[in-house]
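Below is one structure, written out as structure tokens; comments come after it.
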Amino acid sequence: MPPVRFVTALLRGLVDAPFADAVVGDLLEERGRRSRLGHPVRARLWFWRSLAGVLLYSAATVISRSVRRAGHSFLHLDRWHSDVRMAFRSFHDAPATTAVAIAVLTLGIGASTAIFSVVDAVALRGLPFDRSDQLVAVSETMAVATMPHGLVYSPGIFAAWRDAHDVFSGLAAIVSADLNVERDGSLTPVVLRSERVSTSFFDVLHVRPIAGRTFTADDEIDGHDDVAVISYGVWQRRFGGAPVIGHRLRTPDRTFAIVGVMPAGFNYPVAAIDPTDVWTPYVVSAGARDTPGSGAPYSLTVIGRLRDDVSVARAQSRLDQVTAGLAARFPQMFQQDRSALVEPLQGSIVTGVRSWMLVLAGAVACVLLLACANVANLMLVRAGARKHELGVRTALGATRWDIARPLLVESLLLSAAGAALGVLVAFGGVDLLRAAVPASVPRAAAIAVNLRVLAAAGALTIATGVICSLAPMIQFSRPETRELLKDSGRTHTRGSTRWLGPSLIVAEVALAVVLTVGAALFIASFDRVTSVDIGLDVRNVVTVDMHPWPDYSAPPDVMGREAESTRRLERIAAEVAALPGVEGAALFSGFAPLSGATRLMATPFTVPGRQSAHRSILTGFVSPTYFTLLGIPVLRGRPFTLDDADGPPAVILDASAARAYFGSADAAIGQIVQCGACGMAPATIVGVVGDVRPRGPEVPPEAMAYVPFARTRSAAMATLMLRTADVAPIAPAIRRIIWTEFPDLGLPEMRTLADELHTYTAPREFNMLVLGVFGLLGLVIASVGLYGVMAAHVAQRTQEIGIRMALGAQPRRVLRHVVGRAAVYLAAGLVVGLPCAWLLSGLVRAFLFETAPTDLHAYAASAGVLIAAGLLAALAPALRAARVDPIIALRSE
């Protein structure tokens with residue numbers, strides 16, 4: 001077939017299949033292959049396959065010819081092979097320099113890879129759901145109230161938002177509600193982590209069960225919501241993977257029929273430390289739907305999926321309209337200026353850690369730049385020792401690229417070796433980071449060195465190799481330098497490039513200053529956090545959360561059920577206090593101090609006949625031994641006694657509340673108040689105790705009232721506290737005592753109050769450790785760089801030093817000269833680094849506690865440590881110079 005007809009057939013065949021089949025038939029007839037190919041479809045496939053082969057062969061031919069014509073092309077493999085051999089020979093000739101360079105790159109690339117694995121898992125990696133860019137978080141904000149981020153406090157408002165179907169394909173609410181599920185063949189229930197979710201939850205996330213079904217609209221009706229979907233883990237652990245649809249999960253008050261099993265790996269919230277075991281329907285009551293904003297507050301997490309043509313801004317505008325309409329219809333419910341907030345779900349999850357991730361990335365970037373500057377300086381020194389070789393190459397006609405290419409190859413090989421070892425370091429470092437990362441960091445369990453991290457490490461390796469080679473390439477490939485090399489291989493390089501070496505040293509010191517100042521600031525901040533007096537003695541205090549279900553065998557009224565539960569809890573505390581090794585026990589109802597609760601229980605609190613800006617107060621129900629057990633001092637009046645359980649209502653205030661309501665602790669004693677915790681009945685203030693910080697050391701003390709535990713109506717939120725040196729031997733006895741009173745209670749979780757306190761300081765401790773390690777790395781790398789430069793300086797000037805000493809120079813003068821040069825480098829680095837650290841310090845202001853980012857003590861300490869380390873690093877080369885034997889130095893000439 002002629003070429004013109006072939007091309008015409010090709011073009012027409014792309015749009016005209018019958019014509020293409022005809023052309024294929026002609027081709028096959030010409031080649032006599034119709035009988036072998038048979039069906040026209042197979043014949044057509046043969047034609048296109050043959051055409052693809054021809055095109056690929058032609059492209060390869062063109063590329064090959066282009067490469068051959070390139071002459072001095074970048075792709076000359078024979079020259080690169082020669083450069084690789086020369087690089088290994090250079091490494092062999094200077095093993096100390098090579099080892100130092102690889103060690104420095106290992107630290108820099110290893111630290112960068114490990115930190116990138118954290119940043120990638122926490123902030124960069126997409127959510128494990130289909131089209132996760134459409135997922136949003138919807139929350140409620142109040143202008144006059146401080147609220148935790150990302151929550152909705154009214155089921156009715158959620159229901160109203162859900163009716164705005166023009167922007168969302170689905171909107172779902174989630175609320176945590178763990179289940180005490182009966183265990184087959186055992187009297188001990190098992191606690192399953194449960195989430196109550198609206199029926200659209202699984203549709204919003206685009207997930208399907210591997211068995212059974214998820215929830216339907218019929219399941220979101222009160223009285224018909226006794227169904228459950230279980231996780232893959234529960235299916236395997238509890239049922240052994242057997243058919244489970246229709247089986248029932250029994251709790252003390254309800255029974256749930258299992259209707260579905262979710263696939264392995266599915267979990268929501270994705271930021272949760274413990275995976276969810278069971279999902280049950282969440283029902284919005286009719287009353288809440290009719291009067292949005294009313295009723296008891298709920299902590300709902302609301303997520304949604306945007307329609308294909310809807311942006312976050314449009315969804316925000318639509319919900320603003322809905323909320324404004326609700327405020328107009330129910331003004332009494334919207335006195336706190338409620339508004340909606342729509343944000344991408346990915347951004348909502350990493351809120352609070354995004355800035356922290358940027359700080360980590362910036363710090364590790366400084367470490368990597370410091371490592372690059374160090375290796376570049378070492379290579380510059382090493383290239384300076386090869387001036388004779390480079391001079392010979394130049395005299396033989398080597399081009400600038402011929403001089404620069406071996407330096408680039410050497411740098412890339414060093415970077416590759418450092419990267420290989422750095423990745424091994426990162427594998428071990430990631431395990432340490434994962435263990436040290438605070439539990440509050442989302443998706444911390446996903447931190448790992450995976451293919452994404454390795455790909456980033458590979459790109460970082462190439463970039464590092466190129467950066468490290470820039471200084472020697474600039475130094476020895478400039479035209480004026482090549483002319484000097486051609487004239488004499490021993491001639492010292494002069495001209496505009498002689499500043500490269502000192503500049504790199506100054507840059508190293510400046511970067512080290514930034515890192516050490518940052519480390520000093522975070523260390524000072526952590527020290528101040530841990531030195532805060534929270535008003536509690538947490539030593540050897542163990543907390544046991546007991547959330548008993550009301551006693552349904554008691555009278556049907558709620559008060560009777562709560563009273564019976566309260567009496568049982570008091571019996572538990574008395575029996576636990578009598579155990580050997582227990583110094584005391586107490587009860588707290590509400591959100592216990594340091595419990596990690598996002599909100600503490602507030603109740604109305606007024607002083608009859610007075611107007612006060614404080615209309616509510618944090619409230620805790622405590623047993624008489626509570627203050628003694630936790631070391632809270634009684635400043636005025638008396639603590640609670642057993643008589644306060646049945647006598648006139650009594651209240652104890654902390655010092656902050658006494659000052660806020662009465663001006664002083666003395667004025668508060670004997671005053672009559674009305675407290676919601678006492679049913680707004682008149683109560684007498686019988687004591688004032690010291691302030692505590694129930695939300696952790698970083699939140700100032702808040703006004704708080706204490707009421708006798710016997711009057712609690714929140715027995716389901718009771719916490720048992722006991723002081724013992726070792727809880728392990730008596731833990732079985734404690735559980736046995738609890739189960740005697742509450743047989744249906746799940747396995748009580750025991751934690752120490754010191755561990756609870758550590759959860760508040762863990763983020764700052766992690767910041768301090770990471771930034772401290774980076775500061776130490778910066779100090780070590782800068783010291784190694786200064787040592788290498790000063791050692792090379794002494795080696796290059798050994799003959800000059802010998803001549804000077806032969807002419808009468810004293811060793812101490814030589815010593816002073818070398819140390820003085822190092823001091824000049826350090827001073828210049830401090831002059832550059834301290835202002836840079838001062839300017840950058842504002843970026844970490846939000847991460848510091850009671851520490852100014854311009855704290856002069858931190859800057860002075862950093863400068864002092866750097867000066868001491870730098871001078872110590874320069875001392876060894878200086879002593880070597882002072883011990884030079886003039887005879888040996890001159891004889892080598």
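Letters A, B, ... go to the chains of the structure tokens in the order shown; residues in each chain start at 1; ligands are counted from 1 in the same order.
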Quick one: everything within 8 Å of stretch 788-793 of chain A, counting only C-alpha atoms, minus sequence neighbours fewer than 3 positions away in the same chain. Send it as an MDAnalysis selection string.
chainID A and resid 377:378 381 784:785 796:797 818 822 874 877:878
Near stretch 634-644 of chain A, counting only C-alpha atoms, which residues have an atom at most 10 Å away, once you skip same-chain residues fewer than 6 positions from it, shown as a CSV table (one decimal) with all heavy atoms, in the first residue's frame?
chain,number,residue,atom,x,y,z
A,622,VAL,N,-19.1,16.4,95.5
A,622,VAL,CA,-17.9,15.8,96.1
A,622,VAL,C,-18.3,15.2,97.5
A,622,VAL,O,-19.2,15.7,98.2
A,622,VAL,CB,-16.8,16.7,96.3
A,622,VAL,CG1,-16.3,17.3,95.0
A,622,VAL,CG2,-17.1,17.9,97.3
A,623,SER,N,-17.6,14.1,97.8
A,623,SER,CA,-17.8,13.5,99.1
A,623,SER,C,-17.0,14.2,100.1
A,623,SER,O,-16.1,15.0,99.8
A,623,SER,CB,-17.4,12.0,99.1
A,623,SER,OG,-16.0,11.9,98.7
A,624,PRO,N,-17.2,14.0,101.5
A,624,PRO,CA,-16.5,14.8,102.5
A,624,PRO,C,-15.0,14.6,102.5
A,624,PRO,O,-14.3,15.6,102.9
A,624,PRO,CB,-17.1,14.3,103.8
A,624,PRO,CG,-18.5,13.8,103.4
A,624,PRO,CD,-18.3,13.3,102.0
A,625,THR,N,-14.5,13.5,102.0
A,625,THR,CA,-13.0,13.3,102.0
A,625,THR,C,-12.3,13.8,100.7
A,625,THR,O,-11.1,13.7,100.6
A,625,THR,CB,-12.8,11.8,102.1
A,625,THR,OG1,-13.5,11.1,101.0
A,625,THR,CG2,-13.3,11.2,103.4
A,626,TYR,N,-13.1,14.5,99.8
A,626,TYR,CA,-12.5,14.9,98.5
A,626,TYR,C,-11.4,15.9,98.7
A,626,TYR,O,-10.3,15.7,98.1
A,626,TYR,CB,-13.6,15.5,97.7
A,626,TYR,CG,-13.1,16.0,96.4
A,626,TYR,CD1,-12.9,15.2,95.3
A,626,TYR,CD2,-13.0,17.4,96.2
A,626,TYR,CE1,-12.4,15.7,94.1
A,626,TYR,CE2,-12.5,17.9,95.0
A,626,TYR,CZ,-12.3,17.1,93.9
A,626,TYR,OH,-11.8,17.5,92.7
A,627,PHE,N,-11.6,16.9,99.5
A,627,PHE,CA,-10.5,17.9,99.7
A,627,PHE,C,-9.3,17.4,100.3
A,627,PHE,O,-8.2,17.7,99.9
A,627,PHE,CB,-11.1,19.1,100.4
A,627,PHE,CG,-12.3,19.7,99.8
A,627,PHE,CD1,-13.6,19.6,100.4
A,627,PHE,CD2,-12.3,20.4,98.6
A,627,PHE,CE1,-14.7,20.2,99.9
A,627,PHE,CE2,-13.4,20.9,98.0
A,627,PHE,CZ,-14.6,20.8,98.6
A,628,THR,N,-9.4,16.6,101.3
A,628,THR,CA,-8.3,16.0,102.0
A,628,THR,C,-7.5,15.1,101.1
A,628,THR,O,-6.3,15.1,101.0
A,628,THR,CB,-8.7,15.2,103.3
A,628,THR,OG1,-9.4,16.1,104.1
A,628,THR,CG2,-7.5,14.7,104.0
A,650,ALA,N,-25.8,22.9,101.9
A,650,ALA,CA,-24.5,23.6,102.1
A,650,ALA,C,-23.7,23.6,100.8
A,650,ALA,O,-23.8,22.7,100.0
A,650,ALA,CB,-23.7,22.8,103.2
A,651,VAL,N,-22.9,24.7,100.7
A,651,VAL,CA,-22.1,24.9,99.5
A,651,VAL,C,-20.7,25.3,100.0
A,651,VAL,O,-20.6,26.1,101.0
A,651,VAL,CB,-22.7,26.0,98.6
A,651,VAL,CG1,-21.8,26.3,97.4
A,651,VAL,CG2,-24.1,25.5,98.1
A,652,ILE,N,-19.7,24.9,99.2
A,652,ILE,CA,-18.3,25.4,99.4
A,652,ILE,C,-17.9,26.0,98.1
A,652,ILE,O,-18.1,25.5,97.1
A,652,ILE,CB,-17.4,24.2,99.8
A,652,ILE,CG1,-17.8,23.7,101.2
A,652,ILE,CG2,-15.9,24.7,99.8
A,652,ILE,CD1,-16.9,22.5,101.7
A,653,LEU,N,-17.3,27.2,98.2
A,653,LEU,CA,-16.8,27.9,97.1
A,653,LEU,C,-15.3,27.8,97.1
A,653,LEU,O,-14.6,27.7,98.1
A,653,LEU,CB,-17.2,29.4,97.1
A,653,LEU,CG,-18.7,29.7,97.1
A,653,LEU,CD1,-18.9,31.2,97.1
A,653,LEU,CD2,-19.4,29.0,96.0
A,654,ASP,N,-14.7,28.0,95.9
A,654,ASP,CA,-13.3,28.2,95.8
A,654,ASP,C,-12.9,29.7,95.9
A,654,ASP,O,-13.8,30.5,95.9
A,654,ASP,CB,-12.7,27.6,94.5
A,654,ASP,CG,-13.1,28.3,93.3
A,654,ASP,OD1,-13.9,29.2,93.3
A,654,ASP,OD2,-12.7,27.8,92.2
A,655,ALA,N,-11.7,30.0,96.1
A,655,ALA,CA,-11.3,31.4,96.3
A,655,ALA,C,-11.7,32.3,95.2
A,655,ALA,O,-12.1,33.4,95.4
A,655,ALA,CB,-9.8,31.4,96.5
A,665,ALA,N,-12.8,35.9,100.8
A,665,ALA,CA,-13.2,34.6,101.4
A,665,ALA,C,-13.9,34.8,102.7
A,665,ALA,O,-14.9,34.1,103.0
A,665,ALA,CB,-11.9,33.7,101.6
A,666,ASP,N,-13.4,35.8,103.5
A,666,ASP,CA,-14.0,36.0,104.8
A,666,ASP,C,-15.5,36.5,104.6
A,666,ASP,O,-16.4,36.0,105.4
A,666,ASP,CB,-13.2,37.1,105.6
A,666,ASP,CG,-11.9,36.6,106.0
A,666,ASP,OD1,-11.7,35.3,106.3
A,666,ASP,OD2,-10.9,37.3,106.0
A,667,ALA,N,-15.7,37.3,103.6
A,667,ALA,CA,-17.1,37.8,103.4
A,667,ALA,C,-18.0,36.7,102.9
A,667,ALA,O,-19.3,36.9,103.0
A,667,ALA,CB,-17.1,39.0,102.5
A,668,ALA,N,-17.5,35.7,102.3
A,668,ALA,CA,-18.4,34.6,101.7
A,668,ALA,C,-18.9,33.7,102.8
A,668,ALA,O,-20.0,33.2,102.6
A,668,ALA,CB,-17.6,33.9,100.7
A,669,ILE,N,-18.2,33.5,103.9
A,669,ILE,CA,-18.7,32.5,104.9
A,669,ILE,C,-20.0,32.9,105.5
A,669,ILE,O,-20.2,34.1,105.9
A,669,ILE,CB,-17.6,32.3,106.0
A,669,ILE,CG1,-16.3,31.8,105.4
A,669,ILE,CG2,-18.1,31.4,107.1
A,669,ILE,CD1,-16.4,30.5,104.7
A,670,GLY,N,-21.0,32.0,105.5
A,670,GLY,CA,-22.3,32.2,106.1
A,670,GLY,C,-23.3,32.9,105.1
A,670,GLY,O,-24.5,33.0,105.5
A,685,ILE,N,-23.1,29.0,102.5
A,685,ILE,CA,-21.7,28.8,102.2
A,685,ILE,C,-21.0,28.5,103.5
A,685,ILE,O,-20.9,29.3,104.5
A,685,ILE,CB,-21.1,30.0,101.6
A,685,ILE,CG1,-21.8,30.4,100.2
A,685,ILE,CG2,-19.6,29.9,101.3
A,685,ILE,CD1,-21.3,31.6,99.6
A,686,VAL,N,-20.5,27.2,103.6
A,686,VAL,CA,-19.9,26.8,104.9
A,686,VAL,C,-18.3,26.8,104.8
A,686,VAL,O,-17.7,26.6,105.8
A,686,VAL,CB,-20.4,25.4,105.2
A,686,VAL,CG1,-21.9,25.4,105.5
A,686,VAL,CG2,-20.0,24.4,104.2
A,687,GLY,N,-17.8,27.0,103.6
A,687,GLY,CA,-16.3,27.0,103.5
A,687,GLY,C,-15.8,27.6,102.2
A,687,GLY,O,-16.6,27.7,101.2
A,688,VAL,N,-14.6,27.9,102.2
A,688,VAL,CA,-13.9,28.4,101.0
A,688,VAL,C,-12.6,27.6,100.9
A,688,VAL,O,-11.8,27.6,101.9
A,688,VAL,CB,-13.6,29.9,101.1
A,688,VAL,CG1,-12.8,30.4,99.9
A,688,VAL,CG2,-14.9,30.7,101.2
A,689,VAL,N,-12.3,27.0,99.7
A,689,VAL,CA,-11.1,26.2,99.5
A,689,VAL,C,-10.3,26.9,98.5
A,689,VAL,O,-10.7,27.8,97.8
A,689,VAL,CB,-11.5,24.8,99.1
A,689,VAL,CG1,-12.3,24.1,100.2
A,689,VAL,CG2,-12.3,24.8,97.8
A,690,GLY,N,-9.1,26.3,98.3
A,690,GLY,CA,-8.1,26.9,97.3
A,690,GLY,C,-8.6,26.6,95.9
A,690,GLY,O,-9.4,25.7,95.6
A,691,ASP,N,-8.0,27.5,95.0
A,691,ASP,CA,-8.4,27.3,93.6
A,691,ASP,C,-7.7,26.1,93.0
A,691,ASP,O,-6.6,25.7,93.4
A,691,ASP,CB,-7.9,28.6,92.9
A,691,ASP,CG,-8.7,29.8,93.2
A,691,ASP,OD1,-9.9,29.6,93.4
A,691,ASP,OD2,-8.2,30.9,93.1
A,706,TYR,N,-18.8,23.7,95.2
A,706,TYR,CA,-18.9,22.3,95.5
A,706,TYR,C,-20.1,22.0,96.4
A,706,TYR,O,-20.5,22.8,97.2
A,706,TYR,CB,-17.7,21.9,96.3
A,706,TYR,CG,-16.4,22.1,95.6
A,706,TYR,CD1,-15.6,23.2,95.7
A,706,TYR,CD2,-15.9,21.1,94.7
A,706,TYR,CE1,-14.4,23.4,95.0
A,706,TYR,CE2,-14.7,21.2,94.0
A,706,TYR,CZ,-14.0,22.4,94.2
A,706,TYR,OH,-12.8,22.6,93.5
A,707,VAL,N,-20.8,20.9,96.1
A,707,VAL,CA,-22.0,20.5,96.7
A,707,VAL,C,-21.8,19.1,97.2
A,707,VAL,O,-21.1,18.3,96.6
A,707,VAL,CB,-23.2,20.6,95.8
A,707,VAL,CG1,-24.5,20.1,96.4
A,707,VAL,CG2,-23.4,22.0,95.2
A,708,PRO,N,-22.4,18.7,98.4
A,708,PRO,CA,-22.2,17.3,98.9
A,708,PRO,C,-22.7,16.3,97.9
A,708,PRO,O,-23.7,16.4,97.2
A,708,PRO,CB,-23.1,17.3,100.1
A,708,PRO,CG,-23.2,18.7,100.6
A,708,PRO,CD,-23.2,19.5,99.3
A,709,PHE,N,-21.9,15.2,97.8
A,709,PHE,CA,-22.1,14.2,96.8
A,709,PHE,C,-23.5,13.5,97.0
A,709,PHE,O,-24.1,13.1,96.0
A,709,PHE,CB,-21.0,13.1,96.8
A,709,PHE,CG,-21.2,12.0,95.8
A,709,PHE,CD1,-20.7,12.2,94.5
A,709,PHE,CD2,-21.8,10.8,96.1
A,709,PHE,CE1,-20.8,11.3,93.5
A,709,PHE,CE2,-21.9,9.9,95.1
A,709,PHE,CZ,-21.4,10.1,93.8
A,710,ALA,N,-24.0,13.5,98.2
A,710,ALA,CA,-25.2,12.8,98.5
A,710,ALA,C,-26.4,13.5,97.8
A,710,ALA,O,-27.5,12.9,97.6
A,710,ALA,CB,-25.5,12.8,100.0
A,711,ARG,N,-26.2,14.8,97.4
A,711,ARG,CA,-27.3,15.5,96.7
A,711,ARG,C,-27.2,15.5,95.2
A,711,ARG,O,-27.9,16.2,94.5
A,711,ARG,CB,-27.3,17.0,97.2
A,711,ARG,CG,-27.5,17.1,98.6
A,711,ARG,CD,-27.5,18.6,99.0
A,711,ARG,NE,-27.7,18.8,100.5
A,711,ARG,CZ,-28.9,18.8,101.1
A,711,ARG,NH1,-30.0,18.8,100.3
A,711,ARG,NH2,-29.0,19.0,102.4
Let's see if you can do this: from backbone DSSP, list all strand (DSSP E) residues in stretch 710-867 of chain A, as a PyMOL selection string.
chain A and resi 718-724+750-752
Report as an mmCIF file with N, CA, C and O atoms, in the first residue's frame all protein, DNA and RNA residues lying within 12 Å of A:Asp163, evaluated on only C-alpha atoms, omitting residues in the same chain fewer than 3 positions from it.
data_model
loop_
_atom_site.group_PDB
_atom_site.id
_atom_site.type_symbol
_atom_site.label_atom_id
_atom_site.label_comp_id
_atom_site.auth_asym_id
_atom_site.auth_seq_id
_atom_site.Cartn_x
_atom_site.Cartn_y
_atom_site.Cartn_z
ATOM 1 N N GLY A 156 -32.133 20.337 67.147
ATOM 2 C CA GLY A 156 -33.100 20.995 66.297
ATOM 3 C C GLY A 156 -32.451 21.805 65.194
ATOM 4 O O GLY A 156 -32.954 21.869 64.064
ATOM 5 N N ILE A 157 -31.346 22.460 65.514
ATOM 6 C CA ILE A 157 -30.628 23.223 64.489
ATOM 7 C C ILE A 157 -30.064 22.273 63.440
ATOM 8 O O ILE A 157 -30.101 22.553 62.237
ATOM 9 N N PHE A 158 -29.550 21.132 63.872
ATOM 10 C CA PHE A 158 -29.071 20.146 62.900
ATOM 11 C C PHE A 158 -30.208 19.707 61.982
ATOM 12 O O PHE A 158 -30.034 19.593 60.765
ATOM 13 N N ALA A 159 -31.375 19.464 62.555
ATOM 14 C CA ALA A 159 -32.508 19.033 61.732
ATOM 15 C C ALA A 159 -32.892 20.112 60.729
ATOM 16 O O ALA A 159 -33.235 19.811 59.581
ATOM 17 N N ALA A 160 -32.822 21.384 61.160
ATOM 18 C CA ALA A 160 -33.139 22.472 60.230
ATOM 19 C C ALA A 160 -32.108 22.563 59.120
ATOM 20 O O ALA A 160 -32.452 22.795 57.953
ATOM 21 N N ASP A 166 -30.631 21.812 49.031
ATOM 22 C CA ASP A 166 -30.157 22.353 47.769
ATOM 23 C C ASP A 166 -28.650 22.504 47.717
ATOM 24 O O ASP A 166 -28.099 22.789 46.651
ATOM 25 N N VAL A 167 -27.950 22.323 48.829
ATOM 26 C CA VAL A 167 -26.488 22.416 48.811
ATOM 27 C C VAL A 167 -25.809 21.117 49.243
ATOM 28 O O VAL A 167 -24.652 20.875 48.887
ATOM 29 N N PHE A 168 -26.504 20.291 50.003
ATOM 30 C CA PHE A 168 -25.911 19.045 50.496
ATOM 31 C C PHE A 168 -26.610 17.853 49.853
ATOM 32 O O PHE A 168 -27.838 17.829 49.729
ATOM 33 N N SER A 169 -25.813 16.872 49.467
ATOM 34 C CA SER A 169 -26.409 15.599 49.070
ATOM 35 C C SER A 169 -26.734 14.765 50.293
ATOM 36 O O SER A 169 -27.491 13.796 50.211
ATOM 37 N N GLY A 170 -26.179 15.139 51.436
ATOM 38 C CA GLY A 170 -26.480 14.458 52.686
ATOM 39 C C GLY A 170 -25.821 15.183 53.839
ATOM 40 O O GLY A 170 -24.763 15.801 53.682
ATOM 41 N N LEU A 171 -26.449 15.142 55.005
ATOM 42 C CA LEU A 171 -25.912 15.760 56.218
ATOM 43 C C LEU A 171 -26.142 14.782 57.356
ATOM 44 O O LEU A 171 -27.258 14.259 57.503
ATOM 45 N N ALA A 172 -25.094 14.510 58.147
ATOM 46 C CA ALA A 172 -25.193 13.479 59.183
ATOM 47 C C ALA A 172 -24.667 14.010 60.504
ATOM 48 O O ALA A 172 -23.723 14.814 60.542
ATOM 49 N N ARG A 289 -37.081 19.190 66.875
ATOM 50 C CA ARG A 289 -37.290 19.659 65.504
ATOM 51 C C ARG A 289 -38.226 20.864 65.454
ATOM 52 O O ARG A 289 -38.069 21.762 64.636
ATOM 53 N N ARG A 318 -25.752 29.523 52.285
ATOM 54 C CA ARG A 318 -27.087 28.917 52.423
ATOM 55 C C ARG A 318 -27.424 28.655 53.893
ATOM 56 O O ARG A 318 -28.537 28.930 54.345
ATOM 57 N N LEU A 319 -26.460 28.135 54.654
ATOM 58 C CA LEU A 319 -26.738 27.874 56.065
ATOM 59 C C LEU A 319 -26.883 29.164 56.848
ATOM 60 O O LEU A 319 -27.619 29.212 57.844
ATOM 61 N N VAL A 322 -30.446 29.983 56.447
ATOM 62 C CA VAL A 322 -31.291 29.110 57.259
ATOM 63 C C VAL A 322 -31.249 29.538 58.725
ATOM 64 O O VAL A 322 -32.287 29.641 59.403
ATOM 65 N N THR A 323 -30.035 29.814 59.232
ATOM 66 C CA THR A 323 -29.894 30.207 60.633
ATOM 67 C C THR A 323 -30.568 31.542 60.895
ATOM 68 O O THR A 323 -31.198 31.740 61.949
#
I need the residue nearest A:Asn180 from this list: A:Ala439, A:Ala602, A:Ala846, A:Leu192. Use only C-alpha atoms for the distance.
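The closest residue to A:Asn180 is A:Leu192.
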Using only C-alpha atoms, determine which residues lie at most 6 Å from A:Met768, disregarding the query and same-chain residues fewer than 3 positions distant; provide the list as a PyMOL selection string.
chain A and resi 522-523+765+771-772
Go ahead and write the residues just picked, C-alpha atoms, as a PDB file, in the first residue's frame.
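Here's the written file part36.pdb:
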ATOM      1  CA  PHE A 522      10.261  25.639  73.831  1.00  0.00           C
ATOM      2  CA  ILE A 523      12.298  24.270  76.726  1.00  0.00           C
ATOM      3  CA  GLU A 765       6.584  18.039  75.837  1.00  0.00           C
ATOM      4  CA  LEU A 771      12.758  21.213  68.711  1.00  0.00           C
ATOM      5  CA  GLY A 772      15.388  20.265  71.295  1.00  0.00           C
TER       6      GLY A 772
END
Would you list the contacts of A:Val375 as number ranges by chain, taking every protein, DNA or RNA residue within 7 Å and counting only C-alpha atoms, but skipping same-chain residues closer than 4 positions in sequence?
A: 101, 371, 379, 468
Would you mind listing what lies within 12 Å of A:Gly581 as a ChimeraX atom specification, with only C-alpha atoms counted and same-chain residues fewer than 4 positions away left out?
/A:540,576-577,585,722-731,733
Write out the residues from the selection above, keeping C-alpha atoms, as a short mmCIF file (atom, residue, chain, number, x, y, z; two decimals), in the first residue's frame.
data_model
loop_
_atom_site.label_atom_id
_atom_site.label_comp_id
_atom_site.auth_asym_id
_atom_site.auth_seq_id
_atom_site.Cartn_x
_atom_site.Cartn_y
_atom_site.Cartn_z
CA ASN A 540 -0.45 8.31 93.61
CA VAL A 576 -12.44 0.71 98.65
CA ALA A 577 -11.05 3.05 101.35
CA ALA A 585 -11.06 7.37 98.72
CA LEU A 722 -8.28 6.80 95.68
CA ARG A 723 -4.72 7.33 96.80
CA THR A 724 -2.47 4.27 96.72
CA ALA A 725 1.17 3.62 95.92
CA ASP A 726 0.36 0.65 93.65
CA VAL A 727 -3.10 -0.05 92.32
CA ALA A 728 -2.25 -3.27 90.44
CA PRO A 729 -2.49 -5.67 93.45
CA ILE A 730 -5.86 -4.30 94.56
CA ALA A 731 -7.41 -3.70 91.11
CA ALA A 733 -10.73 -6.25 94.55
#
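Atom CA of A:Thr251 is found 17.6 Å from atom CA of A:Asp222.
Between A:Val270 and the candidates A:Asn767, A:Gln346, A:Thr543, A:Ser82, the tightest atom-to-atom separation, counting only C-alpha atoms, involves A:Gln346.
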